[in-house]
Amino acid sequence: MSGWVWLLILLLALLAFGLYLSQVAGRLDRLHRRVDAGRVSLDRALLERHTVASEVAGALMPDPAAAAVIADAVWSARHTDMSEGVERGLAESNLSAVLAAAFDDPEAVAECGAVPGGPELMSDLEGATRRVQLSKRFLNDAVRACRDVRYQWLVRAFRLAGRTPWPRAFEMDDTPPPGFGVR
Amino acid sequence: MNDAPLNIGIVCPYAWDSPGGVQFHVRDLREALLRDGHTVSVLAPAEDDSGLPEFVTSTGRPVAVRYNGSVARLNLGVRSTRRVREWIREGRFDVMHIHEPISPGISVVAIWAATGPIVATWHSSIDRSRALTAGFYIAQTIMEKTRGRIAVSELARRTLVEHLGGDAVLIPNGVECANFAEAEPFEGWPGPGRALFFLGRLDEPRKGLSILLGALPAIIKRHPDIRVLLAGPGDAAEITRRLPEDITARLTFLGLVSEEDKVRAFHSADIYVAPNTGGESFGIVLLEAMASGTAVVASDLEAFRRVLDHGTAGAHFRNGDAADLAEAVNRTLAADDERARMVAIGRERAWLYDWSRVTREIVDVYRSVRMPGEKVTEDLRGQFVGRLARGSREPS
């Protein structure tokens, strides 16, 4: 008699546990999607910055040496291994540093923007550097939230993350050029 | 590469037909988004559904709840929850933008009921106890589901980062600079004797009117014909009763002013004075003065120093110090070239906060949290019966 009661209690407990696990798995799934969205948009933003920076170097820089340095920084950022190693972060940081040096005050920005099509291109560059900064921050925030859940022993013991790779943060210097106007 | 227009759903937790900072923010943001070609639908409570514009979906009549030190009118209950879910299902939004996500009401419900690209804006700063009363589980869900977080002030951002442990980007409130650029001054103002302008509740000590009144005698010594324009609610008689005739004769009280009269008042003065002693998380009025081309003299609160770029776009005085305020006003009135330079820098600087620019940054946030083609969908987890009944609708 009491054996049935215990069996029932056990079944109910298992059911509750199962529901809990499925809830955690759902949460984790949501966080992985957030990380994926962050990664895709960071890739897009970095690519956009490459494109705009080359255009600026080619069309607007009055100083050929500066143009060459920017073009070189873009080239090396574009040709490092895209599998988000430290090297990619370094190459992108280098591009940030080069852009910051080229546009270190509002006058430099105004001078480059003083040709036809210049203001639009400069505003594209400003937008691109801002989007790099935004998507990097949102990606790393998502990665941290995702890791917090994946560190839980329950998640590891029951392999709730499946085969999804361990989320990796992306580090780079994303300081926008000081010439772009700071609030 | 980034210019496909977005279908955006904005959630405002406070009654649409009662005035408030968050409502105004949403209203202006929506207008700026429309100008850039996006589609916007707003979800908000309303006292009276019949007078609502068609872009607002009402979640019904709000009830008064004490929250964050004042009485807020919010929606609670099953019926509003059902409307939130309907709005999310039918809207098929590319992005959902929640305002004040930690306030009890439809913002939390909307975060609960949706999944996908969700962005949230924190307007007020929250303290630790308030963050915790939200309940750990609720706070955790809010933080996990909001993919992009915006704080309108550094104070709001700091408390969010410290108490809820997540990142947020700082995007301030916008100013509609074009609305302030031109206006007809009031008849006879500012006049040859020079004029100052004060805006804010007369009887709210933190607005600092008493400091300005304390500084007046010293200003009159140098500028004997100075006049002061005062706008804001409060009992003017109560203020003038305690002042000598020589001071009261120079004060003109406008009472609570309309938006147009506020702009005219800025253009009717040589200097806008902001003697606030605290509690200002953000100096939006300073920016309005700057966009109007009025010189600014403000206390040295951190937020004000930020807006005035540490004294380059306006003058500062020591917070609470009437003598220092008089000194700053006298100096600014005396140096015409310096004042013109400050005004020019201020005008330029106000454009950094123009809605067109602020909106571009907000749209950048929308785009950086969203996979191309992704939509906001109803979150049926936790809706056990609902999931069984509508299981086929849940996207895989």
# chains A, B, ... in the order shown; residues from 1 in each chain; ligands from 1
$ residues_around --residues "segment 234-236 of chain B" --least-positions-apart "6" --cutoff "12 Å" --atoms "only C-alpha atoms" --output "list in words"
Leu199, Gly200, Arg201, Leu202, Asp203, Glu204, Pro205, Lys207, Leu209, Arg242, Leu243, Thr248, Leu251, Thr252, Phe253, Leu254, Gly255, Leu256 and Val257 of chain B
$ interface_residues --of "chain B" --to "chain A" --cutoff "9 Å" --atoms "only C-alpha atoms" --output "NGL selection string"
:B and (1 or 115-117 or 141 or 143-145 or 147-149 or 166-169 or 306-307 or 309 or 349 or 352-353 or 360-361 or 364-365 or 367-372 or 381-382)
$ write_last_selection --atoms "C-alpha atoms" --output "short mmCIF file (atom, residue, chain, number, x, y, z; two decimals), in the first residue's frame"
data_model
loop_
_atom_site.label_atom_id
_atom_site.label_comp_id
_atom_site.auth_asym_id
_atom_site.auth_seq_id
_atom_site.Cartn_x
_atom_site.Cartn_y
_atom_site.Cartn_z
CA MET B 1 24.13 47.76 -46.07
CA THR B 115 11.29 36.03 -27.13
CA GLY B 116 13.70 37.20 -29.81
CA PRO B 117 15.35 40.58 -30.39
CA THR B 141 14.81 36.69 -16.76
CA MET B 143 18.51 40.48 -17.86
CA GLU B 144 18.71 37.29 -19.91
CA LYS B 145 16.00 38.24 -22.35
CA ARG B 147 19.74 41.46 -25.63
CA GLY B 148 20.57 45.13 -25.78
CA ARG B 149 20.26 47.54 -22.87
CA GLY B 166 24.85 43.43 -16.91
CA ASP B 167 26.18 45.87 -19.44
CA ALA B 168 24.27 48.82 -20.89
CA VAL B 169 25.15 51.51 -23.39
CA ARG B 306 28.91 66.52 -18.82
CA VAL B 307 26.33 68.36 -20.89
CA ASP B 309 31.50 69.76 -21.61
CA ARG B 349 27.00 70.61 -28.96
CA LEU B 352 25.11 65.77 -30.54
CA TYR B 353 21.89 65.16 -28.60
CA ARG B 360 20.38 56.56 -35.30
CA GLU B 361 22.21 55.18 -32.29
CA ASP B 364 22.10 50.66 -34.32
CA VAL B 365 21.25 48.93 -31.05
CA ARG B 367 20.32 46.03 -35.54
CA SER B 368 23.15 44.72 -33.42
CA VAL B 369 20.93 42.40 -31.37
CA ARG B 370 19.08 40.90 -34.27
CA MET B 371 19.86 38.10 -36.70
CA PRO B 372 18.90 39.16 -40.23
CA ARG B 381 7.30 28.52 -22.13
CA GLY B 382 5.67 28.76 -18.75
#
$ closest_residue --among "A:His50, A:His32, A:Glu120, A:Trp153" --to "Trp166 of chain A" --atoms "only C-alpha atoms"
A:His32
$ residues_around --residues "Ala77 of chain A" --least-positions-apart "5" --cutoff "10 Å" --atoms "only C-alpha atoms" --output "PyMOL selection string"
chain A and resi 46-47+50+71-72+82+87-95
$ write_last_selection --atoms "C-alpha atoms" --output "compact mmCIF listing (two decimals), in the first residue's frame"
# COMPACT_ATOMS: atom_id res chain seq x y z
CA LEU A 46 33.67 44.67 -38.49
CA LEU A 47 33.27 43.96 -42.19
CA HIS A 50 36.78 47.48 -43.20
CA ALA A 71 44.73 50.56 -46.04
CA ASP A 72 47.40 48.32 -44.55
CA MET A 82 38.40 34.71 -38.97
CA GLU A 87 45.03 37.64 -33.54
CA ARG A 88 41.82 38.87 -35.01
CA GLY A 89 41.24 41.03 -31.95
CA LEU A 90 44.76 42.44 -32.25
CA ALA A 91 44.36 43.23 -35.93
CA GLU A 92 41.04 44.99 -35.29
CA SER A 93 42.54 46.89 -32.33
CA ASN A 94 45.31 48.01 -34.64
CA LEU A 95 42.75 49.35 -37.11
$ closest_residue --among "B:Leu333, B:Ala195, B:Ala46, B:Val26" --to "Ile8 of chain B" --atoms "only C-alpha atoms"
B:Val26
$ closest_atom_pairs --of "segment 172-251 of chain B" --to "segment 295-304 of chain B" --cutoff "12 Å" --atoms "only C-alpha atoms" --output "CSV"
residue,atom,partner,partner_atom,distance
B:Pro172,CA,B:Ala303,CA,11.1
B:Ala195,CA,B:Ala295,CA,11.1
B:Leu196,CA,B:Ala295,CA,9.7
B:Phe197,CA,B:Val296,CA,9.6
B:Phe198,CA,B:Val297,CA,10.5
B:Arg206,CA,B:Ser299,CA,11.4
B:Lys207,CA,B:Ser299,CA,10.5
B:Gly208,CA,B:Ser299,CA,9.4
B:Leu209,CA,B:Ser299,CA,12.0
B:Ile211,CA,B:Ser299,CA,10.3
B:Leu212,CA,B:Ala298,CA,10.7
$ atom_distance --atom1 "atom CA of Asn319 of chain B" --atom2 "atom CA of Leu216 of chain B"
16.0 Å
$ select_by_dssp --residues "segment 3-179 of chain A" --states "alpha helix (DSSP H)" --output "PyMOL selection string"
chain A and resi 3-59+64-78+86-102+106-112+118-150+153-157
$ residues_around --residues "Arg61 of chain B" --least-positions-apart "6" --cutoff "8 Å" --atoms "only C-alpha atoms" --output "list in words"
Ala15, Pro45, Ala46, Glu47, Asp48 and Asn75 of chain B
$ atom_distance --atom1 "atom CA of Ala100 of chain A" --atom2 "atom CA of His310 of chain B"
22.6 Å
$ residues_around --residues "Ala291 of chain B" --least-positions-apart "5" --cutoff "12 Å" --atoms "only C-alpha atoms" --output "PDB file with C-alpha atoms, in the first residue's frame"
ATOM      1  CA  GLY B 174      17.098  63.475 -27.381  1.00  0.00           C
ATOM      2  CA  VAL B 175      16.376  67.135 -28.017  1.00  0.00           C
ATOM      3  CA  GLU B 176      14.370  68.328 -31.030  1.00  0.00           C
ATOM      4  CA  CYS B 177      16.952  70.994 -31.839  1.00  0.00           C
ATOM      5  CA  ALA B 178      15.057  72.381 -34.835  1.00  0.00           C
ATOM      6  CA  ASN B 179      12.083  73.259 -32.611  1.00  0.00           C
ATOM      7  CA  PHE B 180      14.271  75.507 -30.471  1.00  0.00           C
ATOM      8  CA  ALA B 181      16.350  77.227 -33.125  1.00  0.00           C
ATOM      9  CA  GLU B 182      13.901  80.029 -33.973  1.00  0.00           C
ATOM     10  CA  ALA B 183      11.238  81.808 -31.901  1.00  0.00           C
ATOM     11  CA  VAL B 263      10.938  78.190 -26.509  1.00  0.00           C
ATOM     12  CA  PHE B 266      14.576  80.891 -23.975  1.00  0.00           C
ATOM     13  CA  HIS B 267      14.781  83.437 -26.773  1.00  0.00           C
ATOM     14  CA  TYR B 272      19.407  80.559 -18.793  1.00  0.00           C
ATOM     15  CA  ILE B 284      17.819  68.060 -20.886  1.00  0.00           C
ATOM     16  CA  VAL B 285      16.730  71.663 -20.204  1.00  0.00           C
ATOM     17  CA  LEU B 286      20.327  72.823 -20.537  1.00  0.00           C
ATOM     18  CA  VAL B 296      23.848  78.807 -19.863  1.00  0.00           C
ATOM     19  CA  ALA B 313      29.585  75.284 -23.654  1.00  0.00           C
ATOM     20  CA  MET B 342      29.870  79.845 -25.600  1.00  0.00           C
ATOM     21  CA  VAL B 343      26.526  80.076 -27.389  1.00  0.00           C
ATOM     22  CA  ALA B 344      28.087  78.944 -30.670  1.00  0.00           C
ATOM     23  CA  ILE B 345      29.738  75.953 -29.007  1.00  0.00           C
ATOM     24  CA  GLY B 346      26.504  75.199 -27.167  1.00  0.00           C
ATOM     25  CA  ARG B 347      24.451  75.197 -30.371  1.00  0.00           C
ATOM     26  CA  GLU B 348      26.912  72.853 -32.003  1.00  0.00           C
ATOM     27  CA  ARG B 349      27.003  70.612 -28.960  1.00  0.00           C
ATOM     28  CA  ALA B 350      23.208  70.376 -28.658  1.00  0.00           C
ATOM     29  CA  TRP B 351      23.219  68.684 -32.079  1.00  0.00           C
ATOM     30  CA  LEU B 352      25.109  65.772 -30.538  1.00  0.00           C
ATOM     31  CA  TYR B 353      21.891  65.165 -28.599  1.00  0.00           C
ATOM     32  CA  ASP B 354      19.463  65.831 -31.431  1.00  0.00           C
TER      33      ASP B 354
END
$ atom_distance --atom1 "atom CA of Trp87 of chain B" --atom2 "atom CA of Asn173 of chain B"
26.4 Å
$ closest_residue --among "A:Gly18, A:Gly179, A:Gly3, A:Pro62" --to "Asp105 of chain A" --atoms "only C-alpha atoms"
A:Gly179
